[in-house]
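For reference, the structure is listed below as structure tokens.
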Amino acid sequence: MDLVLEVADYYLLDKAYAKVLPASGPVDIPAVLNTTVYKGFAGLIDFESFSEEAAYGAPYLFPANEFTYASALLRDSIVRQTVSMFLVAVVFAYIVYFGAAIFSYYVVFDQENFKHPKMLKNQVVLEIKQACSAIPVMTALTVPWFVLELRGHSKLYWNPYEYGQAYLVLQFVLYIMFTDMCIYFIHRWLHWPSVYKHLHKPHHKWIVPTPFASFAFHPVDGYAQSLPYHVFPFIFPLHKLSYLVLFAFVTIWTVMIHDGEYMANNPVVNGSACHTIHHLYFNYNYGQYTTLWDRLGGSHRTPDKELFDRNTKMSTSTWKKQSKQMEEIKKVVEGDSDDRVYLNEKKEK
């Protein structure tokens, strides 16, 4: 996240901090900027000799300007890093959430889903409201991980030669495998009755989710399921650019598995069809990317073949069958109480 933060600092935050909390005395440019180690942006950096420890707190993507050291809160201040990362992460989360969800909603999501008997009244508005209220809290809970990364306590690295070229590819596989395993167990824990009713039930309000349900969690639930992404770089080396790519991929994937478009009819991939089964029937398909851990844990349920045929997927008979099974399982999971208000409730009756 230091790469993202430096871009924000260079173009916006340095100037803002300089105005709000200006330095009390003359600006002292760190000596590191006068050495041959610091050479500027991207390819101009000598990876063989560049020392992140030596340049700690100094810019290494962009050259210093008149505002870089003009604030009493320098870039390496833990207070500034905490505040800055919260602001940057919140803005990033909203942009990616709305960007991916809006695109998916209008380009991928089938509007015929609104005829499903288990679609809620004003569901999209409710999903957006819940997501918008959860994002700042989830971000605040996540910021300590970002600050630890910024202060050099993780295994994030910048020199692409440090662990070899092969590891630049292998790290993606490790990341998917590790987070897929961890999220499976966290997700199953969230379905324990005592935990479910307090944390995970708000996300299961959406029986037939839209892409806007992707972030519509109780904030502690969303944070718990994101933990593996933040723990990974403290256990395994991860290149900083790879980290950003994977961070964006995770967000987009989360939207995709809520879009109701069942492109992947694959026994390995835990795609939108598998996650639809999870929302409909609660106790199946807890995995995030693959079906591996659901198969090992006995919680895998193969998506109904009707979901992969446009005619049967949107048929009244399929929806009635889904609704009947859903109600039976819901009584076991949630009891008889149900605060959901269905869009087509009168038609269903």
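Ligands are numbered from 1 in the order shown, residues from 1 within each chain, and chains are lettered A, B, ... in the order they appear in the structure tokens.
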
Tyr289 in chain A environment, 9 Å, only C-alpha atoms, sequence neighbours closer than 2 positions dropped, as a PyMOL selection string: chain A and resi 176-177+179-180+253+268-271+287+291-292

Write out as a CSV table (one decimal) with all heavy atoms, in the first residue's frame the residues lying within 10 Å of Ser84 in chain A, counting only C-alpha atoms and excluding same-chain residues fewer than 6 positions away.
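Ended up saving to selection-v8.csv:
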```csv
chain,number,residue,atom,x,y,z
A,5,LEU,N,-0.1,4.9,-1.4
A,5,LEU,CA,-0.1,6.1,-0.6
A,5,LEU,C,0.9,7.1,-1.1
A,5,LEU,O,0.6,8.3,-1.0
A,5,LEU,CB,0.4,5.6,0.8
A,5,LEU,CG,0.4,6.7,1.9
A,5,LEU,CD1,-1.0,7.4,2.0
A,5,LEU,CD2,0.8,6.2,3.3
A,8,ALA,N,-0.9,9.1,-3.7
A,8,ALA,CA,-1.8,10.0,-3.0
A,8,ALA,C,-1.1,11.2,-2.4
A,8,ALA,O,-1.6,12.4,-2.4
A,8,ALA,CB,-2.7,9.3,-2.0
A,9,ASP,N,0.0,10.9,-1.7
A,9,ASP,CA,0.8,12.0,-1.1
A,9,ASP,C,1.3,13.0,-2.2
A,9,ASP,O,1.2,14.2,-2.0
A,9,ASP,CB,2.0,11.4,-0.4
A,9,ASP,CG,1.7,10.8,1.0
A,9,ASP,OD1,0.8,11.3,1.6
A,9,ASP,OD2,2.4,9.9,1.4
A,13,LEU,N,-2.1,14.7,-0.9
A,13,LEU,CA,-2.0,14.7,0.6
A,13,LEU,C,-0.8,15.6,1.1
A,13,LEU,O,-0.9,16.2,2.2
A,13,LEU,CB,-1.9,13.3,1.2
A,13,LEU,CG,-3.1,12.4,0.9
A,13,LEU,CD1,-2.9,11.0,1.5
A,13,LEU,CD2,-4.4,13.1,1.5
A,17,TYR,N,-1.6,18.3,4.0
A,17,TYR,CA,-0.9,18.3,5.3
A,17,TYR,C,-0.1,19.5,5.5
A,17,TYR,O,0.0,20.1,6.6
A,17,TYR,CB,-0.1,17.0,5.4
A,17,TYR,CG,-0.9,15.8,5.8
A,17,TYR,CD1,-1.0,14.7,4.9
A,17,TYR,CD2,-1.4,15.6,7.0
A,17,TYR,CE1,-1.7,13.6,5.2
A,17,TYR,CE2,-2.2,14.5,7.4
A,17,TYR,CZ,-2.3,13.5,6.4
A,17,TYR,OH,-3.0,12.3,6.8
A,75,ARG,N,5.8,12.0,6.2
A,75,ARG,CA,5.2,10.8,5.7
A,75,ARG,C,5.4,9.6,6.5
A,75,ARG,O,4.6,8.7,6.5
A,75,ARG,CB,5.8,10.6,4.3
A,75,ARG,CG,5.3,11.5,3.2
A,75,ARG,CD,5.8,11.1,1.8
A,75,ARG,NE,5.4,12.0,0.8
A,75,ARG,CZ,5.7,11.8,-0.5
A,75,ARG,NH1,6.4,10.8,-0.9
A,75,ARG,NH2,5.3,12.7,-1.4
A,78,ILE,N,3.4,7.8,12.2
A,78,ILE,CA,2.4,6.8,12.3
A,78,ILE,C,1.0,7.4,12.3
A,78,ILE,O,0.0,6.8,11.9
A,78,ILE,CB,2.7,5.9,13.5
A,78,ILE,CG1,1.8,4.6,13.5
A,78,ILE,CG2,2.5,6.7,14.8
A,78,ILE,CD1,2.1,3.6,14.5
A,90,VAL,N,-10.7,4.0,2.1
A,90,VAL,CA,-12.2,4.2,2.0
A,90,VAL,C,-12.5,4.6,0.6
A,90,VAL,O,-13.5,4.1,-0.1
A,90,VAL,CB,-12.6,5.2,3.0
A,90,VAL,CG1,-14.0,5.7,2.6
A,90,VAL,CG2,-12.7,4.6,4.4
A,143,VAL,N,-7.1,-0.9,8.7
A,143,VAL,CA,-6.0,0.1,8.6
A,143,VAL,C,-4.7,-0.4,9.4
A,143,VAL,O,-3.6,-0.2,9.0
A,143,VAL,CB,-6.5,1.5,9.0
A,143,VAL,CG1,-5.3,2.4,9.4
A,143,VAL,CG2,-7.2,2.1,7.9
A,147,VAL,N,-0.9,-0.1,8.1
A,147,VAL,CA,0.2,0.6,8.8
A,147,VAL,C,1.4,-0.3,9.2
A,147,VAL,O,2.5,0.1,9.0
A,147,VAL,CB,-0.4,1.3,10.1
A,147,VAL,CG1,0.7,2.0,10.9
A,147,VAL,CG2,-1.4,2.4,9.7
```

- request: Write out as a PyMOL selection string which residues come within 9 Å of range 201-215 of chain A when counting only C-alpha atoms, dropping same-chain ones fewer than 2 positions away.
  value: chain A and resi 97-98+100-102+104-105+109+113-114+116+118-120+123-128+130-132+134-135+190-191+195-199+217-218+221-222+251+254-260+276+278-282+326+334+339-340

task: Pull the strand (DSSP E or B) assignments for range 139-265 of chain A out of DSSP run on the backbone, and list those residues as a ChimeraX atom specification.
output: /A:156-157,238-239

query: Between A:Val220, A:Leu21, A:Val169, A:Ala273, which has the minimum distance to Asn285 in chain A (counting only C-alpha atoms)?
result: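 Closest to Asn285 in chain A, using only C-alpha atoms: A:Ala273.
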
task: Have a look at A:Ala166, A:Phe92, A:Arg151, A:Asn265 and name the one nearest to Phe247 in chain A; count only C-alpha atoms.
output: A:Phe92

query: Where does DSSP see alpha helix (DSSP H) in range 49-271 of chain A, if you list the residues as a ChimeraX atom specification?
result: /A:78-103,123-150,165-190,193-195,219-235,240-256

query: In Å to one decimal, how far is CA of His239 in chain A from CA of Pro160 in chain A?
result: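 CA of His239 in chain A lies 7.1 Å from CA of Pro160 in chain A.
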
message: Can you tell me which residues surround Tyr284 in chain A at a distance of at most 8 Å, considering only C-alpha atoms, apart from same-chain residues fewer than 5 positions away, and format the answer as a list in words?
response: Ile277, His278, Asp294, Ser299, His300 and Arg301 of chain A

- prompt: Which is closest to Lys305 in chain A among A:Leu343, A:Ala216, A:Lys320, A:Asn266, if we use only C-alpha atoms?
  reply: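 Of the candidates, the smallest distance to Lys305 in chain A is held by A:Asn266.
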
task: One decimal, Å: what's the distance from CA of Val91 in chain A over to CA of Val250 in chain A, could you say?
output: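 That distance, rounded to one decimal, is 16.6 Å.
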